[in-house]
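Below is target.csv, which holds CSV, C-alpha atoms.
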```csv
chain,number,residue,atom,x,y,z
I,1,MET,CA,-21.4,-1.5,21.2
I,2,SER,CA,-17.7,-0.9,20.7
I,3,LYS,CA,-15.4,-1.5,23.6
I,4,ILE,CA,-13.0,1.3,24.5
I,5,ILE,CA,-9.5,0.9,26.0
I,6,ARG,CA,-7.8,4.2,27.1
I,7,SER,CA,-4.3,4.8,28.1
I,8,PRO,CA,-2.8,3.5,30.4
I,9,GLU,CA,-5.4,0.6,30.8
I,10,ALA,CA,-4.4,-3.0,30.1
I,11,LEU,CA,-4.4,-3.7,26.4
I,12,ILE,CA,-5.7,-7.3,26.9
I,13,PRO,CA,-8.4,-7.1,29.6
I,14,GLY,CA,-9.1,-10.9,29.4
I,15,LYS,CA,-7.2,-14.0,28.7
I,16,ARG,CA,-6.6,-13.2,25.0
I,17,LYS,CA,-7.3,-10.6,22.4
I,18,ASP,CA,-10.8,-11.4,21.2
I,19,SER,CA,-11.9,-8.4,19.0
I,20,THR,CA,-10.7,-6.2,16.2
I,21,TYR,CA,-8.6,-3.3,17.6
I,22,VAL,CA,-8.7,0.1,16.0
I,23,PHE,CA,-6.1,2.6,17.3
I,24,LEU,CA,-7.2,6.2,17.1
I,25,ALA,CA,-4.1,8.0,16.1
I,26,GLY,CA,-4.0,11.8,15.8
I,27,PRO,CA,-3.2,15.0,17.7
I,28,ILE,CA,-4.2,15.4,21.4
I,29,GLN,CA,-2.8,18.8,22.2
I,30,GLY,CA,-4.3,21.8,20.5
I,31,VAL,CA,-7.6,20.2,19.6
I,32,HIS,CA,-10.8,19.0,21.2
I,33,ASP,CA,-11.2,15.4,22.4
I,34,TRP,CA,-12.2,14.1,18.9
I,35,GLN,CA,-11.3,10.5,19.9
I,36,THR,CA,-14.2,10.6,22.4
I,37,GLU,CA,-16.6,13.1,20.9
I,38,ASP,CA,-16.4,12.5,17.2
I,39,ILE,CA,-15.9,8.7,16.8
I,40,PRO,CA,-19.2,6.8,16.3
I,41,ASP,CA,-20.0,3.4,17.8
I,42,LEU,CA,-18.5,0.9,15.4
I,43,GLY,CA,-20.5,-2.0,16.8
I,44,GLU,CA,-19.8,-5.2,18.5
I,45,GLY,CA,-16.5,-6.9,17.9
I,46,ILE,CA,-14.6,-3.7,17.6
I,47,THR,CA,-12.3,-2.3,20.4
I,48,LEU,CA,-11.3,1.3,20.1
I,49,ILE,CA,-7.8,2.1,21.4
I,50,ASN,CA,-7.7,5.7,22.7
I,51,PRO,CA,-4.3,7.1,23.6
I,52,ARG,CA,-5.9,10.2,25.2
I,53,ARG,CA,-6.0,9.7,29.0
I,54,ALA,CA,-9.3,10.3,30.7
I,55,GLU,CA,-7.6,12.7,33.1
I,56,HIS,CA,-5.1,15.4,32.2
I,57,PRO,CA,-1.6,14.3,33.2
I,58,ASP,CA,-0.3,15.8,36.4
I,59,PRO,CA,3.2,17.2,36.8
I,60,MET,CA,4.5,13.8,37.7
I,61,PHE,CA,3.3,12.3,34.4
I,62,ASP,CA,5.5,9.5,33.2
I,63,TRP,CA,6.2,10.3,29.6
I,64,ASN,CA,8.1,7.0,29.0
I,65,GLU,CA,5.1,5.0,30.2
I,66,GLN,CA,2.8,6.8,27.8
I,67,VAL,CA,5.1,6.3,24.8
I,68,SER,CA,5.6,2.6,25.7
I,69,TRP,CA,1.8,2.1,26.0
I,70,GLU,CA,1.1,3.8,22.7
I,71,THR,CA,3.9,1.8,20.9
I,72,ALA,CA,2.5,-1.5,22.2
I,73,ALA,CA,-1.0,-0.5,21.4
I,74,LEU,CA,-0.1,0.4,17.8
I,75,ARG,CA,1.7,-2.9,17.3
I,76,VAL,CA,-1.1,-5.0,18.6
I,77,SER,CA,-3.9,-3.1,16.8
I,78,ASP,CA,-5.4,-4.5,13.5
I,79,TYR,CA,-6.1,-1.0,12.1
I,80,VAL,CA,-4.9,2.5,12.7
I,81,LEU,CA,-7.2,5.4,12.0
I,82,PHE,CA,-5.1,8.6,11.5
I,83,TRP,CA,-7.3,11.7,11.7
I,84,VAL,CA,-5.8,15.2,11.9
I,85,PRO,CA,-8.5,17.8,12.5
I,86,LYS,CA,-7.6,21.5,12.1
I,87,GLU,CA,-5.7,23.1,15.0
I,88,GLU,CA,-7.9,24.9,17.5
I,89,GLU,CA,-5.4,26.2,20.0
I,90,HIS,CA,-1.7,26.8,19.2
I,91,ILE,CA,0.8,25.4,21.8
I,92,GLU,CA,3.8,27.6,22.0
I,93,GLY,CA,7.0,25.9,21.0
I,94,ARG,CA,5.2,22.9,19.5
I,95,ASP,CA,4.5,22.0,15.9
I,96,TYR,CA,0.9,20.9,15.7
I,97,ALA,CA,0.4,17.1,15.3
I,98,GLN,CA,4.2,16.7,15.3
I,99,THR,CA,4.0,13.2,17.0
I,100,THR,CA,1.2,12.1,14.7
I,101,LYS,CA,3.3,12.9,11.6
I,102,ILE,CA,6.1,10.7,12.9
I,103,GLU,CA,3.8,7.9,13.8
I,104,LEU,CA,2.1,8.0,10.4
I,105,MET,CA,5.4,7.6,8.5
I,106,GLU,CA,6.6,4.9,10.9
I,107,ASN,CA,3.4,2.8,10.5
I,108,LEU,CA,3.4,3.3,6.7
I,109,VAL,CA,6.9,1.9,6.5
I,110,ARG,CA,5.8,-1.1,8.7
I,111,GLY,CA,2.9,-1.8,6.4
I,112,LYS,CA,0.0,-1.4,8.9
I,113,ASN,CA,-3.6,-1.3,7.8
I,114,ILE,CA,-4.1,2.4,7.9
I,115,VAL,CA,-6.9,4.8,7.1
I,116,PHE,CA,-5.8,8.4,6.9
I,117,GLY,CA,-7.6,11.7,6.8
I,118,ILE,CA,-6.5,15.3,7.4
I,119,ASP,CA,-8.4,18.6,7.4
I,120,PRO,CA,-7.7,20.8,4.4
I,121,GLU,CA,-6.5,23.7,6.7
I,122,VAL,CA,-3.7,21.7,8.4
I,123,HIS,CA,-0.2,22.7,7.5
I,124,THR,CA,1.9,20.0,5.6
I,125,ARG,CA,-1.4,18.4,4.4
I,126,HIS,CA,-0.1,18.1,0.8
I,127,TYR,CA,3.1,16.3,1.8
I,128,LEU,CA,1.4,13.9,4.2
I,129,THR,CA,-1.3,13.1,1.7
I,130,HIS,CA,1.3,12.5,-1.1
I,131,LYS,CA,3.3,10.1,1.1
I,132,PHE,CA,0.3,8.2,2.3
I,133,GLU,CA,-1.1,7.7,-1.2
I,134,ALA,CA,2.3,6.7,-2.6
I,135,TYR,CA,2.8,4.1,0.1
I,136,THR,CA,-0.7,2.6,0.0
I,137,ASN,CA,-2.2,3.4,-3.4
I,138,ARG,CA,-5.3,4.5,-1.6
I,139,LYS,CA,-6.9,7.9,-1.2
I,140,ALA,CA,-6.4,10.2,1.8
I,141,HIS,CA,-9.6,11.8,3.1
I,142,ASP,CA,-10.4,15.4,4.1
I,143,ASN,CA,-13.1,14.6,6.6
I,144,LEU,CA,-13.6,12.1,9.4
I,145,GLU,CA,-16.9,10.7,8.0
I,146,ASP,CA,-15.1,9.3,4.9
I,147,CYS,CA,-12.4,7.8,7.1
I,148,ILE,CA,-15.0,5.9,9.2
I,149,LYS,CA,-16.7,4.7,6.0
I,150,GLU,CA,-13.4,3.3,4.6
I,151,LEU,CA,-12.4,1.8,7.9
I,152,LYS,CA,-15.7,-0.2,8.1
I,153,GLU,CA,-15.2,-1.4,4.5
I,154,MET,CA,-11.7,-2.6,5.3
I,155,ILE,CA,-12.9,-4.5,8.4
I,156,GLU,CA,-15.8,-6.1,6.5
I,157,GLU,CA,-13.5,-7.1,3.6
I,158,ARG,CA,-11.1,-8.9,5.9
I,159,GLU,CA,-13.9,-10.7,7.7
I,160,LYS,CA,-15.2,-12.0,4.3
I,161,GLY,CA,-11.7,-12.9,3.1
I,162,ASP,CA,-9.2,-15.6,4.1
I,163,ARG,CA,-10.6,-17.9,6.9
I,164,THR,CA,-7.7,-20.4,7.3
I,165,PHE,CA,-4.0,-19.8,8.0
I,166,PHE,CA,-0.9,-21.8,8.7
I,167,THR,CA,2.3,-21.0,10.4
I,168,SER,CA,5.2,-22.5,12.3
I,169,ASP,CA,8.4,-21.8,14.2
I,170,THR,CA,7.5,-18.4,15.6
I,171,HIS,CA,9.8,-19.1,18.6
I,172,PHE,CA,8.5,-16.1,20.5
I,173,GLY,CA,11.0,-14.7,23.0
I,174,SER,CA,13.9,-16.9,21.7
I,175,VAL,CA,17.2,-15.0,21.4
I,176,ARG,CA,18.8,-18.3,20.3
I,177,THR,CA,16.5,-18.5,17.3
I,178,LEU,CA,16.9,-14.8,16.5
I,179,GLN,CA,20.7,-15.4,16.2
I,180,LEU,CA,20.8,-18.9,14.6
I,181,SER,CA,18.2,-18.2,12.0
I,182,LYS,CA,19.7,-14.7,11.3
I,183,ARG,CA,16.4,-13.0,11.7
I,184,PRO,CA,16.5,-9.3,10.7
I,185,PHE,CA,15.6,-7.8,14.1
I,186,LEU,CA,17.6,-5.8,16.7
I,187,ASP,CA,16.4,-8.0,19.6
I,188,ASP,CA,13.9,-10.6,20.5
I,189,LEU,CA,11.4,-8.0,21.7
I,190,GLU,CA,11.3,-6.3,18.3
I,191,MET,CA,11.1,-9.8,16.7
I,192,ASP,CA,8.0,-10.7,18.8
I,193,TRP,CA,6.2,-7.4,18.2
I,194,THR,CA,6.8,-7.6,14.5
I,195,MET,CA,5.3,-11.1,14.3
I,196,ILE,CA,2.4,-10.1,16.4
I,197,GLU,CA,1.7,-7.1,14.2
I,198,ARG,CA,2.0,-9.0,11.0
I,199,TRP,CA,-0.2,-11.8,12.3
I,200,ASN,CA,-3.0,-9.4,13.3
I,201,LYS,CA,-2.8,-7.6,10.0
I,202,VAL,CA,-4.0,-10.6,8.0
I,203,VAL,CA,-5.8,-12.8,10.6
I,204,SER,CA,-9.2,-11.6,11.8
I,205,PRO,CA,-10.4,-12.6,15.3
I,206,SER,CA,-12.8,-15.1,13.8
I,207,ALA,CA,-10.3,-16.8,11.5
I,208,ARG,CA,-8.6,-20.2,12.1
I,209,VAL,CA,-4.9,-20.5,12.5
I,210,ILE,CA,-3.1,-23.9,12.6
I,211,HIS,CA,0.4,-23.5,14.2
I,212,LEU,CA,2.7,-26.4,13.3
I,213,GLY,CA,4.9,-26.2,16.4
I,214,ASP,CA,7.8,-24.4,18.1
I,215,PHE,CA,5.5,-21.5,19.2
I,216,GLY,CA,7.9,-20.1,21.9
I,217,ASP,CA,6.8,-18.0,24.8
I,218,TYR,CA,3.1,-18.7,25.2
I,219,GLU,CA,2.5,-15.3,26.7
I,220,ALA,CA,2.6,-13.8,23.2
I,221,ALA,CA,-0.6,-15.8,22.4
I,222,LYS,CA,-2.7,-13.3,24.3
I,223,TYR,CA,-2.0,-10.6,21.7
I,224,LEU,CA,-2.9,-12.7,18.7
I,225,ASN,CA,-6.1,-12.9,16.7
I,226,GLY,CA,-7.9,-16.1,15.7
I,227,ASN,CA,-8.9,-19.5,16.8
I,228,ILE,CA,-5.5,-21.1,17.2
I,229,THR,CA,-4.8,-24.8,17.1
I,230,LEU,CA,-1.2,-25.9,18.1
I,231,MET,CA,0.5,-29.0,17.0
I,232,TYR,CA,3.6,-29.8,19.0
I,233,GLY,CA,7.0,-29.2,17.5
I,234,ASN,CA,10.3,-30.6,18.9
I,235,TYR,CA,10.6,-27.8,21.5
I,236,GLU,CA,7.0,-28.3,22.8
I,237,ARG,CA,7.6,-32.1,23.0
I,238,LYS,CA,10.8,-31.4,25.0
I,239,ASP,CA,9.0,-29.0,27.4
I,240,HIS,CA,6.0,-31.4,27.7
I,241,GLU,CA,8.3,-34.2,28.9
I,242,GLY,CA,9.9,-31.9,31.5
I,243,LEU,CA,6.8,-30.1,32.7
I,244,GLU,CA,4.2,-32.8,32.3
I,245,LYS,CA,0.8,-31.2,31.3
I,246,LYS,CA,1.3,-27.6,32.5
I,247,PRO,CA,1.8,-26.1,29.0
I,248,ILE,CA,-1.3,-27.8,27.7
I,249,ASP,CA,-3.3,-26.6,30.7
I,250,TRP,CA,-2.2,-23.0,30.1
I,251,LEU,CA,-3.0,-23.1,26.4
I,252,LYS,CA,-6.5,-24.5,27.0
I,253,GLU,CA,-7.2,-21.8,29.6
I,254,HIS,CA,-6.3,-19.3,27.0
I,255,ASN,CA,-8.7,-20.8,24.4
I,256,ILE,CA,-6.0,-22.5,22.3
I,257,LYS,CA,-6.6,-26.0,21.1
I,258,VAL,CA,-3.8,-28.5,21.4
I,259,VAL,CA,-3.4,-31.6,19.2
I,260,ASP,CA,-2.4,-34.7,21.1
I,261,PRO,CA,1.4,-34.3,21.8
I,262,THR,CA,2.0,-37.9,20.6
I,263,VAL,CA,0.7,-37.0,17.1
I,264,SER,CA,3.6,-36.0,14.9
I,265,ALA,CA,1.6,-35.8,11.7
I,266,MET,CA,-2.1,-35.8,10.8
I,267,GLN,CA,-4.4,-35.4,7.8
I,268,VAL,CA,-6.8,-32.5,7.7
I,269,LYS,CA,-9.6,-31.9,5.1
I,270,GLY,CA,-12.9,-30.1,4.8
I,271,PHE,CA,-11.6,-26.5,4.9
I,272,GLU,CA,-14.2,-23.8,4.6
I,273,GLU,CA,-12.6,-22.4,1.5
I,274,ASP,CA,-12.0,-25.8,-0.2
I,275,PRO,CA,-13.8,-28.8,1.2
I,276,ASP,CA,-12.0,-31.2,-1.2
I,277,LEU,CA,-8.5,-30.2,-0.3
I,278,LYS,CA,-6.5,-32.8,1.7
I,279,LEU,CA,-3.4,-31.7,3.7
I,280,VAL,CA,-1.0,-33.6,5.9
I,281,LEU,CA,0.2,-31.4,8.7
I,282,GLY,CA,3.2,-31.8,11.0
I,283,HIS,CA,6.2,-30.0,12.4
I,284,GLU,CA,9.1,-32.0,10.8
I,285,PRO,CA,9.0,-32.6,7.0
I,286,LEU,CA,10.4,-36.1,7.5
I,287,ASN,CA,7.4,-37.0,9.7
I,288,VAL,CA,4.8,-35.6,7.3
I,289,LYS,CA,6.5,-37.4,4.4
I,290,LYS,CA,6.4,-40.7,6.3
I,291,PHE,CA,2.7,-40.2,7.0
I,292,LEU,CA,2.1,-39.3,3.4
I,293,ASP,CA,3.6,-42.6,2.3
I,294,THR,CA,1.4,-44.7,4.6
I,295,ARG,CA,-2.0,-46.1,3.7
I,296,ASP,CA,-3.6,-43.8,6.3
I,297,ALA,CA,-3.1,-40.8,3.9
I,298,ASP,CA,-5.6,-40.1,1.1
I,299,GLN,CA,-4.3,-40.0,-2.4
I,300,GLY,CA,-3.7,-36.5,-3.7
I,301,SER,CA,-2.7,-35.1,-0.3
I,302,TRP,CA,-0.1,-32.4,0.1
I,303,CYS,CA,2.1,-31.7,3.1
I,304,LEU,CA,2.6,-28.6,5.2
I,305,PHE,CA,5.5,-28.4,7.7
I,306,GLY,CA,7.9,-26.2,9.5
I,307,HIS,CA,11.1,-26.9,11.4
I,308,ILE,CA,13.7,-26.2,8.7
I,309,HIS,CA,13.4,-22.3,9.0
I,310,ALA,CA,13.2,-21.7,5.2
I,311,ARG,CA,16.3,-23.7,4.4
I,312,GLN,CA,14.2,-25.2,1.6
I,313,ARG,CA,11.1,-23.2,0.8
I,314,VAL,CA,9.3,-26.0,-1.0
I,315,LYS,CA,9.7,-29.7,-1.4
I,316,LYS,CA,8.2,-32.0,-4.0
I,317,PHE,CA,5.6,-33.1,-1.5
I,318,GLY,CA,4.7,-29.7,0.1
I,319,VAL,CA,5.5,-26.3,1.6
I,320,ASP,CA,7.3,-24.9,4.6
I,321,VAL,CA,4.8,-22.6,6.3
I,322,GLY,CA,7.3,-21.4,8.9
I,323,VAL,CA,7.6,-17.7,9.5
I,324,ASP,CA,11.3,-17.5,8.3
I,325,GLY,CA,10.2,-18.1,4.7
I,326,ASN,CA,7.0,-16.1,4.8
I,327,ASN,CA,7.9,-12.6,5.9
I,328,PHE,CA,7.2,-13.6,9.5
I,329,THR,CA,3.5,-13.8,8.7
I,330,PRO,CA,0.9,-16.7,8.7
I,331,MET,CA,0.2,-18.1,5.3
I,332,SER,CA,-3.4,-18.1,4.1
I,333,LEU,CA,-4.9,-21.2,2.6
I,334,LYS,CA,-5.1,-19.3,-0.7
I,335,ASP,CA,-1.4,-18.7,-0.7
I,336,VAL,CA,-0.7,-22.3,0.3
I,337,LYS,CA,-2.7,-23.5,-2.7
I,338,PHE,CA,-0.8,-21.1,-5.0
I,339,TYR,CA,2.5,-22.8,-4.0
I,340,LEU,CA,1.1,-26.3,-4.2
I,341,GLU,CA,-0.2,-25.7,-7.7
I,342,ALA,CA,3.2,-24.3,-8.7
I,343,ILE,CA,4.9,-27.4,-7.3
I,344,ASP,CA,2.5,-29.6,-9.2
I,345,LYS,CA,3.1,-27.9,-12.5
I,346,HIS,CA,6.7,-26.7,-12.3
I,347,TYR,CA,8.7,-28.6,-9.7
I,348,ASP,CA,12.1,-29.6,-11.2
```

Spell out the structure here as structure tokens.
Amino acid sequence: MSKIIRSPEALIPGKRKDSTYVFLAGPIQGVHDWQTEDIPDLGEGITLINPRRAEHPDPMFDWNEQVSWETAALRVSDYVLFWVPKEEEHIEGRDYAQTTKIELMENLVRGKNIVFGIDPEVHTRHYLTHKFEAYTNRKAHDNLEDCIKELKEMIEEREKGDRTFFTSDTHFGSVRTLQLSKRPFLDDLEMDWTMIERWNKVVSPSARVIHLGDFGDYEAAKYLNGNITLMYGNYERKDHEGLEKKPIDWLKEHNIKVVDPTVSAMQVKGFEEDPDLKLVLGHEPLNVKKFLDTRDADQGSWCLFGHIHARQRVKKFGVDVGVDGNNFTPMSLKDVKFYLEAIDKHYD
């Protein structure tokens, strides 16, 4: 059965996010409780995020708390199901589904995984449908059943798709990195939520993510999909020396594997998508290059690294998988292979 989280409940009930989140976006006022009454059970491994509170807000209702909860829920969710049924009761002084329309445009611009449907009798249907189809090149629906069908297909497609991802230098919570790397965010909070959102868009809960160091604030990990393995970067090594084993203990408690902190580079092979591919992984490009040049490395290996924050997108021996050069999104193994093949054929 699907799990359900309703406002204002905790978005992460356990140690870490462990399922696919579907946010049920759409009008609450002027229509029946469609989020509860009309959404079928989507099965195990799916968590429905319902912004409609179980009890009607009292006069002391904290509007800011609700907006903050919904904003965070939308950012952490893998998919957003926008459904706009026809209006059943007009609320004086309020345009029906006014908040939904704003949220739809906001999430389209941010590139969320969206399924959209709107009843033929809803005012502004033509405009909203046009905008959705222009942004996504996908069809808008006029009934909830077709929305659910497409949602299931999207979830299944992602689960059958990319299984291995690489990333580095997220530096969650770091104002210093935001400034020095000239990241295009207003503040570190917006930076963190954008990276969480883009991570969960491409990485399914069952996929594998190898993080090559300088993770940043570990608290961000609880919002992220996937089976994460962390290699230490220079910041983790510094923290490890000062805090002994506390970071490792925290990470293991939150189901994150940690490579031996003394290992600065290692060879990995036997990937699910390509069993013959051999990669040398590490934080600093200098360390992976040194490892590559030793007799411990198999011939034909390529290097993946971070640390340089997109100062050189590719080198002759490998690729920078850090977020600064990859739209603040983990790189799939398929994308990594695309760049490696390009280096092999065209590096000048």

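One distance worth recording is that between CA of Glu159 in chain I and CA of Ile4 in chain I, which is 20.7 Å.
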
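Near Met1 in chain I, within 10 Å and counting only C-alpha atoms, sit Lys3, Ile4, Pro40, Asp41, Leu42, Gly43, Glu44, Gly45, Ile46 and Thr47 of chain I, not including residues fewer than 2 positions from it in the same chain.
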
Which value, in Å to one decimal, gives the distance between CA of Met195 in chain I and CA of Phe328 in chain I?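 Computing the Euclidean distance for CA of Met195 in chain I and CA of Phe328 in chain I yields 5.7 Å.
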
CA of Lys112 in chain I and CA of Lys149 in chain I, how far apart in Å? 18.0 Å

Taking into account all atoms listed in the file, which residue in the set I:Arg237, I:His141, I:Arg208, I:His346 is nearest to Val84 in chain I? I:His141

Show me, as an mmCIF file with C-alpha atoms, in the frame of the given file, the residues that have an atom within 8 Å of Val321 in chain I when counting all atoms listed in the file, minus same-chain residues fewer than 3 positions from it.
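Ended up saving to part_38.cif:
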```cif
data_model
loop_
_atom_site.group_PDB
_atom_site.id
_atom_site.type_symbol
_atom_site.label_atom_id
_atom_site.label_comp_id
_atom_site.auth_asym_id
_atom_site.auth_seq_id
_atom_site.Cartn_x
_atom_site.Cartn_y
_atom_site.Cartn_z
ATOM 1 C CA PHE I 166 -0.900 -21.800 8.700
ATOM 2 C CA THR I 167 2.300 -21.000 10.400
ATOM 3 C CA SER I 168 5.200 -22.500 12.300
ATOM 4 C CA LEU I 304 2.600 -28.600 5.200
ATOM 5 C CA PHE I 305 5.500 -28.400 7.700
ATOM 6 C CA GLY I 306 7.900 -26.200 9.500
ATOM 7 C CA GLY I 325 10.200 -18.100 4.700
ATOM 8 C CA ASN I 326 7.000 -16.100 4.800
ATOM 9 C CA PRO I 330 0.900 -16.700 8.700
ATOM 10 C CA MET I 331 0.200 -18.100 5.300
#
```

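For the choices I:Ser264, I:Asn255, I:Ser204, I:Gln179, the atom-to-atom distance to Gly161 in chain I is smallest for I:Ser204 when using all atoms listed in the file.
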
Can you pull out every residue within 9 Å of His283 in chain I, counting only C-alpha atoms, but drop anything in the same chain fewer than 5 positions away, and send it as a list in words? Ser168, Asp169, His211, Leu212, Gly213, Asp214, Met231, Tyr232, Gly233, Asn234, Ser264, Ala265, Val288, Leu304, Phe305, Gly306 and His307 of chain I

Residues at most 8 Å from range 63-80 of chain I, counting all atoms listed in the file, excluding those fewer than 4 positions away in the same chain, as number ranges by chain? I: 7-8, 11, 20-25, 49, 51, 112-115, 193-194, 196-197, 200-201, 223-224

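Closest approach to Lys17 in chain I among I:Asn287, I:Arg52, I:Lys316, I:Asn227 is made by I:Asn227 (distances from all atoms listed in the file).
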
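Proximity to Ile91 in chain I was assessed for I:Ala140, I:Gln299, I:Pro27, I:Thr124 counting all atoms listed in the file; the smallest distance is recorded for I:Pro27.
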
Within 6 Å of Pro205 in chain I, counting only C-alpha atoms, which residues show up once you throw out same-chain ones fewer than 4 positions away? Write them as a PyMOL selection string, please. chain I and resi 19+225-226

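Residue nearest Gly322 in chain I, chosen from I:Val209, I:Ile28, I:Ile308, I:Val175 and counting only C-alpha atoms: I:Ile308.
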
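Closest approach to Val122 in chain I among I:Leu144, I:Val202, I:Ile248, I:Ala97 is made by I:Ala97 (distances from only C-alpha atoms).
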
Any chance you could build range 204-211 of chain I out to all heavy atoms and write it as a PDB file, in the frame of the given file?
```
ATOM      1  N   SER I 204      -8.083 -12.276  11.063  1.00  0.00           N
ATOM      2  CA  SER I 204      -9.200 -11.600  11.800  1.00  0.00           C
ATOM      3  C   SER I 204      -9.423 -12.442  13.097  1.00  0.00           C
ATOM      4  O   SER I 204      -9.026 -13.613  13.201  1.00  0.00           O
ATOM      5  CB  SER I 204     -10.446 -11.597  10.974  1.00  0.00           C
ATOM      6  OG  SER I 204     -11.005 -12.900  10.851  1.00  0.00           O
ATOM      7  N   PRO I 205     -10.098 -11.856  14.082  1.00  0.00           N
ATOM      8  CA  PRO I 205     -10.400 -12.600  15.300  1.00  0.00           C
ATOM      9  C   PRO I 205     -11.197 -13.855  15.132  1.00  0.00           C
ATOM     10  O   PRO I 205     -11.122 -14.767  15.959  1.00  0.00           O
ATOM     11  CB  PRO I 205     -11.155 -11.553  16.156  1.00  0.00           C
ATOM     12  CG  PRO I 205     -10.672 -10.235  15.670  1.00  0.00           C
ATOM     13  CD  PRO I 205     -10.467 -10.431  14.189  1.00  0.00           C
ATOM     14  N   SER I 206     -11.964 -13.948  14.053  1.00  0.00           N
ATOM     15  CA  SER I 206     -12.800 -15.100  13.800  1.00  0.00           C
ATOM     16  C   SER I 206     -12.158 -16.158  12.909  1.00  0.00           C
ATOM     17  O   SER I 206     -12.742 -17.222  12.661  1.00  0.00           O
ATOM     18  CB  SER I 206     -14.155 -14.706  13.244  1.00  0.00           C
ATOM     19  OG  SER I 206     -13.981 -14.078  11.985  1.00  0.00           O
ATOM     20  N   ALA I 207     -10.974 -15.878  12.378  1.00  0.00           N
ATOM     21  CA  ALA I 207     -10.300 -16.800  11.500  1.00  0.00           C
ATOM     22  C   ALA I 207      -9.676 -17.964  12.219  1.00  0.00           C
ATOM     23  O   ALA I 207      -9.562 -17.945  13.443  1.00  0.00           O
ATOM     24  CB  ALA I 207      -9.269 -16.069  10.628  1.00  0.00           C
ATOM     25  N   ARG I 208      -9.246 -18.963  11.483  1.00  0.00           N
ATOM     26  CA  ARG I 208      -8.600 -20.200  12.100  1.00  0.00           C
ATOM     27  C   ARG I 208      -7.137 -20.163  11.723  1.00  0.00           C
ATOM     28  O   ARG I 208      -6.756 -19.923  10.576  1.00  0.00           O
ATOM     29  CB  ARG I 208      -9.294 -21.411  11.465  1.00  0.00           C
ATOM     30  CG  ARG I 208      -8.726 -22.744  11.904  1.00  0.00           C
ATOM     31  CD  ARG I 208      -9.362 -23.869  11.080  1.00  0.00           C
ATOM     32  NE  ARG I 208      -8.957 -25.180  11.540  1.00  0.00           N
ATOM     33  CZ  ARG I 208      -9.210 -26.317  10.889  1.00  0.00           C
ATOM     34  NH1 ARG I 208      -9.889 -26.277   9.744  1.00  0.00           N
ATOM     35  NH2 ARG I 208      -8.816 -27.485  11.359  1.00  0.00           N
ATOM     36  N   VAL I 209      -6.300 -20.453  12.734  1.00  0.00           N
ATOM     37  CA  VAL I 209      -4.900 -20.500  12.500  1.00  0.00           C
ATOM     38  C   VAL I 209      -4.368 -21.878  13.056  1.00  0.00           C
ATOM     39  O   VAL I 209      -4.587 -22.203  14.225  1.00  0.00           O
ATOM     40  CB  VAL I 209      -4.094 -19.408  13.230  1.00  0.00           C
ATOM     41  CG1 VAL I 209      -2.605 -19.503  12.914  1.00  0.00           C
ATOM     42  CG2 VAL I 209      -4.638 -18.037  12.828  1.00  0.00           C
ATOM     43  N   ILE I 210      -3.702 -22.648  12.198  1.00  0.00           N
ATOM     44  CA  ILE I 210      -3.100 -23.900  12.600  1.00  0.00           C
ATOM     45  C   ILE I 210      -1.587 -23.674  12.714  1.00  0.00           C
ATOM     46  O   ILE I 210      -0.926 -23.407  11.702  1.00  0.00           O
ATOM     47  CB  ILE I 210      -3.421 -25.044  11.660  1.00  0.00           C
ATOM     48  CG1 ILE I 210      -4.938 -25.220  11.542  1.00  0.00           C
ATOM     49  CG2 ILE I 210      -2.766 -26.351  12.129  1.00  0.00           C
ATOM     50  CD1 ILE I 210      -5.370 -26.280  10.546  1.00  0.00           C
ATOM     51  N   HIS I 211      -1.064 -23.765  13.923  1.00  0.00           N
ATOM     52  CA  HIS I 211       0.400 -23.500  14.200  1.00  0.00           C
ATOM     53  C   HIS I 211       1.044 -24.886  14.277  1.00  0.00           C
ATOM     54  O   HIS I 211       0.680 -25.721  15.111  1.00  0.00           O
ATOM     55  CB  HIS I 211       0.519 -22.750  15.493  1.00  0.00           C
ATOM     56  CG  HIS I 211       1.882 -22.166  15.698  1.00  0.00           C
ATOM     57  ND1 HIS I 211       3.019 -22.942  15.812  1.00  0.00           N
ATOM     58  CD2 HIS I 211       2.296 -20.873  15.819  1.00  0.00           C
ATOM     59  CE1 HIS I 211       4.069 -22.156  15.990  1.00  0.00           C
ATOM     60  NE2 HIS I 211       3.667 -20.900  15.991  1.00  0.00           N
TER      61      HIS I 211
END
```
